[in-house]
file start-v4.txt (compact mmCIF, C-alpha atoms)
# COMPACT_ATOMS: atom_id res chain seq x y z
CA MET W 1 -17.06 -7.95 74.97
CA LYS W 2 -13.38 -8.30 74.13
CA PHE W 3 -11.98 -6.05 71.41
CA THR W 4 -8.71 -4.94 69.83
CA LYS W 5 -8.02 -1.43 68.61
CA MET W 6 -5.83 -1.31 65.49
CA GLN W 7 -4.76 1.31 62.99
CA GLY W 8 -3.36 1.54 59.48
CA CYS W 9 -1.79 4.95 58.80
CA GLY W 10 -3.91 6.39 61.59
CA ASN W 11 -7.19 5.04 60.17
CA ASP W 12 -8.27 3.41 63.45
CA TYR W 13 -11.03 0.88 64.04
CA ILE W 14 -12.25 -1.32 66.85
CA TYR W 15 -11.99 -5.00 65.88
CA VAL W 16 -14.18 -7.73 67.34
CA ASN W 17 -13.52 -11.42 66.79
CA CYS W 18 -17.03 -12.70 66.07
CA PHE W 19 -15.77 -16.29 66.10
CA ALA W 20 -15.83 -15.78 69.88
CA GLU W 21 -18.13 -12.78 70.45
CA ASN W 22 -21.79 -12.25 69.52
CA VAL W 23 -22.61 -8.71 68.39
CA GLU W 24 -26.32 -8.36 67.73
CA ASP W 25 -26.85 -4.66 66.89
CA ARG W 26 -23.66 -3.77 65.06
CA PRO W 27 -24.71 -0.27 63.85
CA ALA W 28 -25.62 0.77 67.39
CA LEU W 29 -22.38 -0.66 68.79
CA ALA W 30 -20.37 1.16 66.11
CA ARG W 31 -21.89 4.50 67.10
CA LYS W 32 -21.31 3.86 70.78
CA ILE W 33 -17.73 2.65 70.75
CA SER W 34 -16.47 5.02 68.02
CA ASP W 35 -17.16 8.10 70.16
CA ARG W 36 -13.76 9.49 71.12
CA HIS W 37 -15.04 11.04 74.36
CA PHE W 38 -17.62 8.55 75.69
CA GLY W 39 -16.56 5.35 73.91
CA ILE W 40 -13.33 3.65 72.92
CA GLY W 41 -12.68 6.05 70.05
CA GLY W 42 -12.18 5.18 66.41
CA ASP W 43 -13.30 5.61 62.82
CA GLY W 44 -15.71 2.69 63.17
CA LEU W 45 -16.24 -0.98 63.97
CA ILE W 46 -14.93 -4.00 62.08
CA CYS W 47 -16.28 -7.45 62.89
CA ILE W 48 -14.27 -10.50 61.83
CA ASP W 49 -16.70 -13.24 60.77
CA ARG W 50 -16.67 -16.69 59.26
CA SER W 51 -17.03 -16.83 55.47
CA ASP W 52 -18.37 -19.43 53.07
CA VAL W 53 -16.38 -18.02 50.14
CA ALA W 54 -13.08 -16.85 51.66
CA ASP W 55 -10.75 -17.46 54.60
CA PHE W 56 -12.45 -14.72 56.65
CA LYS W 57 -15.14 -12.05 56.32
CA MET W 58 -14.83 -8.36 57.21
CA ASP W 59 -18.05 -6.63 58.27
CA MET W 60 -17.38 -2.88 58.54
CA TYR W 61 -19.39 -0.03 60.08
CA ASN W 62 -18.55 3.68 60.01
CA ALA W 63 -18.58 5.83 63.12
CA ASP W 64 -22.19 6.90 62.45
CA GLY W 65 -23.32 3.26 62.23
CA SER W 66 -23.66 3.19 58.45
CA HIS W 67 -22.45 0.04 56.73
CA GLY W 68 -19.26 0.20 54.70
CA LYS W 69 -18.53 -2.16 51.84
CA MET W 70 -14.75 -1.97 51.93
CA CYS W 71 -11.90 -0.38 53.88
CA GLY W 72 -8.34 -0.73 52.62
CA ASN W 73 -6.63 0.21 55.87
CA GLY W 74 -9.11 -1.87 57.85
CA ILE W 75 -8.61 -5.02 55.81
CA ARG W 76 -4.84 -4.91 56.38
CA CYS W 77 -5.50 -4.92 60.11
CA VAL W 78 -7.91 -7.85 59.74
CA ALA W 79 -5.04 -9.79 58.17
CA LYS W 80 -2.72 -8.88 61.03
CA TYR W 81 -5.34 -9.80 63.63
CA VAL W 82 -6.08 -13.28 62.31
CA TYR W 83 -2.40 -14.14 61.72
CA ASP W 84 -0.98 -12.70 64.95
CA ASN W 85 -3.74 -14.39 66.99
CA GLY W 86 -3.10 -17.82 65.45
CA MET W 87 -6.39 -18.01 63.53
CA THR W 88 -4.40 -18.83 60.39
CA ASP W 89 -0.83 -19.59 59.39
CA LYS W 90 -1.33 -18.45 55.79
CA THR W 91 0.69 -15.54 54.46
CA GLU W 92 -1.69 -15.19 51.51
CA LEU W 93 -5.29 -14.73 52.59
CA THR W 94 -8.68 -14.11 51.06
CA VAL W 95 -11.15 -11.86 52.86
CA GLU W 96 -14.80 -11.44 51.95
CA THR W 97 -16.01 -7.82 51.91
CA GLY W 98 -19.10 -5.99 50.78
CA SER W 99 -17.35 -5.28 47.47
CA GLY W 100 -16.16 -8.84 46.84
CA VAL W 101 -13.37 -11.16 47.92
CA LYS W 102 -9.96 -9.49 48.30
CA THR W 103 -6.58 -11.24 48.22
CA LEU W 104 -3.91 -10.15 50.71
CA GLN W 105 -0.20 -10.90 50.95
CA LEU W 106 1.27 -10.66 54.46
CA GLN W 107 4.81 -9.56 55.28
CA VAL W 108 5.79 -11.25 58.55
CA GLU W 109 8.65 -10.12 60.79
CA ASP W 110 9.54 -11.92 64.05
CA GLY W 111 6.28 -13.86 63.93
CA LYS W 112 4.07 -10.77 63.53
CA VAL W 113 2.55 -9.11 60.46
CA SER W 114 4.21 -5.76 59.71
CA THR W 115 2.85 -4.77 56.28
CA VAL W 116 0.16 -6.13 53.97
CA ARG W 117 -0.30 -5.90 50.20
CA VAL W 118 -3.94 -5.89 49.14
CA CYS W 119 -5.45 -6.37 45.71
CA MET W 120 -8.06 -3.61 45.81
CA GLY W 121 -9.82 -4.57 42.58
CA SER W 122 -10.53 -2.55 39.44
CA PRO W 123 -11.51 1.12 39.35
CA GLU W 124 -14.99 1.82 38.00
CA PHE W 125 -15.68 5.09 36.18
CA ARG W 126 -19.23 4.57 34.90
CA PRO W 127 -21.55 6.94 36.80
CA ALA W 128 -24.36 4.41 37.22
CA GLN W 129 -21.96 1.98 38.91
CA ILE W 130 -20.44 4.52 41.33
CA PRO W 131 -23.36 5.45 41.82
CA MET W 132 -23.98 9.06 40.84
CA LYS W 133 -26.60 10.97 38.90
CA ALA W 134 -24.77 11.93 35.72
CA GLU W 135 -24.96 11.25 32.02
CA GLY W 136 -22.12 9.85 29.93
CA GLU W 137 -19.62 7.01 30.10
CA ASN W 138 -17.60 8.64 32.88
CA PHE W 139 -17.36 11.70 35.11
CA ILE W 140 -13.76 12.83 34.68
CA MET W 141 -12.73 16.40 35.53
CA ARG W 142 -16.30 17.62 35.30
CA PRO W 143 -17.64 20.50 37.42
CA ILE W 144 -19.72 20.25 40.57
CA GLU W 145 -20.78 23.25 42.64
CA VAL W 146 -20.11 22.92 46.36
CA CYS W 147 -20.29 25.74 48.91
CA GLY W 148 -20.75 28.28 46.13
CA LYS W 149 -17.57 27.26 44.31
CA ARG W 150 -16.93 25.17 41.19
CA TRP W 151 -14.82 22.06 41.74
CA ASP W 152 -13.57 19.77 38.95
CA VAL W 153 -14.37 16.25 40.11
CA THR W 154 -13.33 12.81 38.91
CA ALA W 155 -15.72 10.13 40.20
CA VAL W 156 -14.44 6.60 40.82
CA SER W 157 -15.76 3.54 42.60
CA MET W 158 -13.42 1.17 44.39
CA GLY W 159 -16.33 -0.84 45.73
CA ASN W 160 -17.53 2.39 47.36
CA PRO W 161 -18.07 5.85 45.80
CA HIS W 162 -15.30 8.45 45.62
CA ALA W 163 -15.09 12.00 44.34
CA VAL W 164 -11.49 12.99 43.64
CA VAL W 165 -10.59 16.69 43.48
CA PHE W 166 -7.12 17.95 42.54
CA VAL W 167 -6.00 21.04 44.47
CA ASP W 168 -2.83 23.13 44.70
CA ASN W 169 -2.37 22.64 48.45
CA VAL W 170 -4.35 20.22 50.61
CA ASP W 171 -3.27 21.97 53.82
CA TRP W 172 -5.24 25.12 52.96
CA LEU W 173 -8.61 23.36 52.85
CA ASN W 174 -11.36 23.77 55.45
CA LEU W 175 -12.62 20.19 55.33
CA GLU W 176 -15.02 20.72 58.22
CA GLU W 177 -17.00 23.03 55.94
CA ILE W 178 -16.65 21.51 52.48
CA GLY W 179 -16.43 17.84 53.47
CA PRO W 180 -20.07 17.43 54.56
CA ALA W 181 -21.26 19.40 51.52
CA PHE W 182 -19.47 17.00 49.20
CA GLU W 183 -20.55 13.94 51.19
CA ASN W 184 -24.23 14.84 50.94
CA HIS W 185 -24.24 16.33 47.43
CA PRO W 186 -27.47 15.34 45.62
CA MET W 187 -25.51 13.90 42.69
CA PHE W 188 -24.43 11.01 44.95
CA PRO W 189 -27.50 9.06 46.15
CA GLU W 190 -25.47 6.90 48.56
CA ARG W 191 -23.30 9.83 49.72
CA VAL W 192 -19.63 9.94 48.73
CA ASN W 193 -16.10 9.81 50.09
CA THR W 194 -14.14 12.86 48.90
CA GLU W 195 -10.39 12.93 48.30
CA PHE W 196 -8.50 16.20 47.92
CA VAL W 197 -5.24 15.46 46.12
CA GLN W 198 -2.11 17.53 45.65
CA VAL W 199 0.34 16.38 42.96
CA VAL W 200 3.81 16.62 44.51
CA ASP W 201 5.51 15.02 41.52
CA GLU W 202 4.89 12.23 39.01
CA HIS W 203 5.47 9.52 41.64
CA THR W 204 4.16 11.27 44.76
CA LEU W 205 0.65 12.36 45.70
CA LYS W 206 -0.53 14.04 48.91
CA MET W 207 -4.10 13.47 50.03
CA ARG W 208 -6.67 14.47 52.61
CA VAL W 209 -9.96 12.61 52.80
CA TRP W 210 -13.48 13.20 54.09
CA GLU W 211 -15.14 9.81 54.56
CA ARG W 212 -18.89 9.42 54.48
CA GLY W 213 -20.12 8.52 57.93
CA SER W 214 -16.82 9.26 59.68
CA GLY W 215 -15.65 12.74 58.67
CA GLU W 216 -11.99 13.50 58.06
CA THR W 217 -9.81 10.47 58.72
CA LEU W 218 -6.02 10.25 58.74
CA ALA W 219 -5.98 7.77 55.84
CA CYS W 220 -8.22 5.88 53.43
CA GLY W 221 -7.11 2.87 51.41
CA THR W 222 -9.96 2.83 48.90
CA GLY W 223 -9.65 6.61 48.65
CA SER W 224 -5.92 6.35 47.93
CA SER W 225 -6.68 3.77 45.25
CA ALA W 226 -9.38 5.95 43.71
CA SER W 227 -7.05 8.95 43.81
CA LEU W 228 -4.31 7.11 41.93
CA ALA W 229 -6.80 5.93 39.30
CA ALA W 230 -8.04 9.49 38.87
CA ALA W 231 -4.51 10.89 38.67
CA VAL W 232 -3.55 8.39 35.98
CA VAL W 233 -6.60 8.94 33.76
CA CYS W 234 -6.17 12.71 34.15
CA GLY W 235 -2.50 12.49 33.15
CA LYS W 236 -1.22 13.75 36.48
CA SER W 237 0.88 10.83 37.76
CA ALA W 238 2.56 7.54 36.96
CA ALA W 239 0.74 4.28 37.65
CA ARG W 240 2.75 3.68 40.84
CA VAL W 241 3.01 6.32 43.53
CA LYS W 242 3.77 7.03 47.15
CA MET W 243 0.62 8.40 48.77
CA LEU W 244 1.31 10.88 51.56
CA LEU W 245 -1.50 10.89 54.12
CA ARG W 246 -1.97 12.68 57.43
CA GLY W 247 -1.41 9.36 59.20
CA GLY W 248 1.47 7.95 57.16
CA GLU W 249 2.34 6.61 53.71
CA LEU W 250 0.91 4.00 51.38
CA GLU W 251 2.27 2.54 48.17
CA ILE W 252 -0.39 2.40 45.46
CA GLU W 253 0.08 0.71 42.08
CA TRP W 254 -2.32 0.34 39.16
CA ASN W 255 -1.36 -2.68 37.05
CA ARG W 256 -2.89 -1.56 33.77
CA ALA W 257 -2.43 -4.96 32.09
CA GLU W 258 -4.55 -6.64 34.79
CA ASN W 259 -6.62 -3.51 35.47
CA LEU W 260 -6.08 -4.10 39.19
CA ILE W 261 -4.93 -1.70 41.88
CA TYR W 262 -2.61 -2.89 44.65
CA MET W 263 -2.08 -1.15 47.98
CA THR W 264 0.78 -1.83 50.40
CA GLY W 265 0.93 -0.39 53.88
CA PRO W 266 1.37 -0.98 57.62
CA ALA W 267 -0.98 -2.65 60.10
CA VAL W 268 -0.51 -1.84 63.78
CA LYS W 269 -2.11 -3.13 66.96
CA VAL W 270 -2.80 -0.36 69.48
CA PHE W 271 -4.25 -2.26 72.45
CA ASP W 272 -6.62 -4.99 73.63
CA GLY W 273 -9.51 -4.30 75.96
CA THR W 274 -12.96 -5.23 77.19
CA PHE W 275 -16.11 -3.16 76.73
CA ASP W 276 -19.26 -3.31 78.84
CA GLU W 277 -22.13 -3.13 76.35

call {"tool": "encode", "arguments": {"input": "start-v4.txt", "output": "structure tokens"}}
result
Amino acid sequence: MKFTKMQGCGNDYIYVNCFAENVEDRPALARKISDRHFGIGGDGLICIDRSDVADFKMDMYNADGSHGKMCGNGIRCVAKYVYDNGMTDKTELTVETGSGVKTLQLQVEDGKVSTVRVCMGSPEFRPAQIPMKAEGENFIMRPIEVCGKRWDVTAVSMGNPHAVVFVDNVDWLNLEEIGPAFENHPMFPERVNTEFVQVVDEHTLKMRVWERGSGETLACGTGSSASLAAAVVCGKSAARVKMLLRGGELEIEWNRAENLIYMTGPAVKVFDGTFDE
């Protein structure tokens, strides 16, 4: 099986062109190839498929084989893959995901995609739609107990569930301990991605993320989008920020008139290879 490893701000996935390759058991393959010691190494598997409703389809699996509906860093790399490999000459693409069709704008330099702007959709704050077990119209800065400590959480869906927690310093956190406890908290029936956000200033946020099914990753596009939405509704930032991540920087903007969040960031090819299944 031929594959390409790509990364967006250090959020790395193995990409398979399923126009040419047949992958039958995708969850099992994701678990096998994501292993950083015995496999290729990555945060998961992304298959590029044909779509009846968009230019392409992204089928994403986390490192533990669980299915993911959407990945902001991953979808930028899908755009780079299909353009750089001559599968399209469009610089505005639509990609089908588990959370709907996303529109992408490609910035091309010397015939290759360098950055991509993605319309991430609208933030959802209603608990039933996230989903989470909570009463009320939203779950904004409300307490949850994790590891014997009270954390004020703002829950947001960006096509997948997020719990955003504002902290004084993200570098002090022991994510290996608290990350799994958040991920598997009983209030979130489908588990949850957790973003720990430090407000640097009105236009700058710093974030670490624990992704369900993958653990701590160097970046998360949907998590960055959820974090901006949470920061705005909590009065902690402007509607356009620079998001500082362990793997790089993203630009996140919430167009309040359209109620749409846009993410702009890099897409980088690491290497091509073949894998003996």

call {"tool": "atom_distance", "arguments": {"input": "start-v4.txt", "atom1": "CA of Leu260 (chain W)", "atom2": "CA of Asn17 (chain W)"}}
result
29.5 Å

call {"tool": "residues_around", "arguments": {"input": "start-v4.txt", "residues": "Gly213 (chain W)", "least_positions_apart": "3", "cutoff": "8 Å", "atoms": "only C-alpha atoms", "output": "list in words"}}
result
Asn62, Ala63, Asp64, Gly65 and Ser66 of chain W

call {"tool": "closest_residue", "arguments": {"input": "start-v4.txt", "among": "W:Val153, W:Leu245, W:Cys234, W:Ile130", "to": "Arg191 (chain W)", "atoms": "only C-alpha atoms"}}
result
W:Ile130

call {"tool": "atom_distance", "arguments": {"input": "start-v4.txt", "atom1": "CA of Gly248 (chain W)", "atom2": "CA of Cys119 (chain W)"}}
result
19.6 Å

call {"tool": "closest_residue", "arguments": {"input": "start-v4.txt", "among": "W:Asp55, W:Glu124, W:Glu135, W:Glu195", "to": "Ile178 (chain W)", "atoms": "only C-alpha atoms"}}
result
W:Glu195

call {"tool": "atom_distance", "arguments": {"input": "start-v4.txt", "atom1": "CA of Met6 (chain W)", "atom2": "CA of Val165 (chain W)"}}
result
28.8 Å

call {"tool": "residues_around", "arguments": {"input": "start-v4.txt", "residues": "region 39-42 of chain W", "least_positions_apart": "6", "cutoff": "7 Å", "atoms": "only C-alpha atoms", "output": "ChimeraX atom specification"}}
result
/W:12-14,32-33

call {"tool": "residues_around", "arguments": {"input": "start-v4.txt", "residues": "Asn169 (chain W)", "least_positions_apart": "3", "cutoff": "9 Å", "atoms": "only C-alpha atoms", "output": "list of chain:residue names"}}
result
W:Phe166, W:Trp172, W:Leu173, W:Phe196, W:Val197, W:Gln198, W:Val199, W:Lys206

call {"tool": "write_last_selection", "arguments": {"input": "start-v4.txt", "atoms": "C-alpha atoms", "output": "JSON list (two decimals), keeping the file's coordinate frame"}}
result
[["chain", "number", "residue", "atom", "x", "y", "z"],
["W", 166, "PHE", "CA", -7.12, 17.95, 42.54],
["W", 172, "TRP", "CA", -5.24, 25.12, 52.96],
["W", 173, "LEU", "CA", -8.61, 23.36, 52.85],
["W", 196, "PHE", "CA", -8.50, 16.20, 47.92],
["W", 197, "VAL", "CA", -5.24, 15.46, 46.12],
["W", 198, "GLN", "CA", -2.11, 17.53, 45.65],
["W", 199, "VAL", "CA", 0.34, 16.38, 42.96],
["W", 206, "LYS", "CA", -0.53, 14.04, 48.91]]

call {"tool": "closest_residue", "arguments": {"input": "start-v4.txt", "among": "W:Ile75, W:Ile140, W:Ala229, W:Cys9", "to": "Leu244 (chain W)", "atoms": "only C-alpha atoms"}}
result
W:Cys9

call {"tool": "residues_around", "arguments": {"input": "start-v4.txt", "residues": "Val156 (chain W)", "least_positions_apart": "4", "cutoff": "7 Å", "atoms": "all atoms listed in the file", "output": "number ranges by chain"}}
result
W: 123-125, 130, 161-163, 226

call {"tool": "write_last_selection", "arguments": {"input": "start-v4.txt", "atoms": "C-alpha atoms", "output": "mmCIF file, keeping the file's coordinate frame"}}
result
data_model
loop_
_atom_site.group_PDB
_atom_site.id
_atom_site.type_symbol
_atom_site.label_atom_id
_atom_site.label_comp_id
_atom_site.auth_asym_id
_atom_site.auth_seq_id
_atom_site.Cartn_x
_atom_site.Cartn_y
_atom_site.Cartn_z
ATOM 1 C CA PRO W 123 -11.510 1.120 39.350
ATOM 2 C CA GLU W 124 -14.990 1.820 38.000
ATOM 3 C CA PHE W 125 -15.680 5.090 36.180
ATOM 4 C CA ILE W 130 -20.440 4.520 41.330
ATOM 5 C CA PRO W 161 -18.070 5.850 45.800
ATOM 6 C CA HIS W 162 -15.300 8.450 45.620
ATOM 7 C CA ALA W 163 -15.090 12.000 44.340
ATOM 8 C CA ALA W 226 -9.380 5.950 43.710
#

call {"tool": "residues_near_point", "arguments": {"input": "start-v4.txt", "point": "(-18.5, 25.5, 44.6)", "cutoff": "12 Å", "atoms": "all atoms listed in the file", "output": "list of chain:residue names"}}
result
W:Pro143, W:Ile144, W:Glu145, W:Val146, W:Cys147, W:Gly148, W:Lys149, W:Arg150, W:Trp151, W:Asp152, W:Val153, W:Val165, W:Glu177, W:Ile178, W:Gly179, W:Ala181, W:Phe182, W:His185

call {"tool": "residues_around", "arguments": {"input": "start-v4.txt", "residues": "Lys236 (chain W)", "least_positions_apart": "6", "cutoff": "9 Å", "atoms": "all atoms listed in the file", "output": "ChimeraX atom specification"}}
result
/W:199,201-202,230

call {"tool": "closest_residue", "arguments": {"input": "start-v4.txt", "among": "W:Asn259, W:Thr204, W:Asn11, W:Gln107", "to": "Met120 (chain W)", "atoms": "all atoms listed in the file"}}
result
W:Asn259

call {"tool": "closest_residue", "arguments": {"input": "start-v4.txt", "among": "W:Glu216, W:Glu183, W:Glu251, W:Asp84", "to": "Asp43 (chain W)", "atoms": "all atoms listed in the file"}}
result
W:Glu216

call {"tool": "closest_residue", "arguments": {"input": "start-v4.txt", "among": "W:Leu228, W:Trp210, W:Lys112, W:Ser51", "to": "Asn174 (chain W)", "atoms": "all atoms listed in the file"}}
result
W:Trp210

call {"tool": "axis_aligned_box", "arguments": {"input": "start-v4.txt", "around": "region 214-222 of chain W", "padding_each_side": "6 Å", "output": "lines of an AutoDock Vina configuration file"}}
result
center_x = -11.4
center_y = 8.2
center_z = 54.3
size_x = 22.8
size_y = 22.7
size_z = 22.8

call {"tool": "residues_near_point", "arguments": {"input": "start-v4.txt", "point": "(-9.3, -2.7, 43.3)", "cutoff": "12 Å", "atoms": "only C-alpha atoms", "output": "JSON, numbers by chain"}}
result
{"W": [70, 71, 72, 99, 100, 101, 102, 103, 104, 117, 118, 119, 120, 121, 122, 123, 124, 156, 157, 158, 159, 160, 221, 222, 223, 224, 225, 226, 227, 228, 229, 252, 253, 254, 255, 256, 258, 259, 260, 261, 262, 263]}
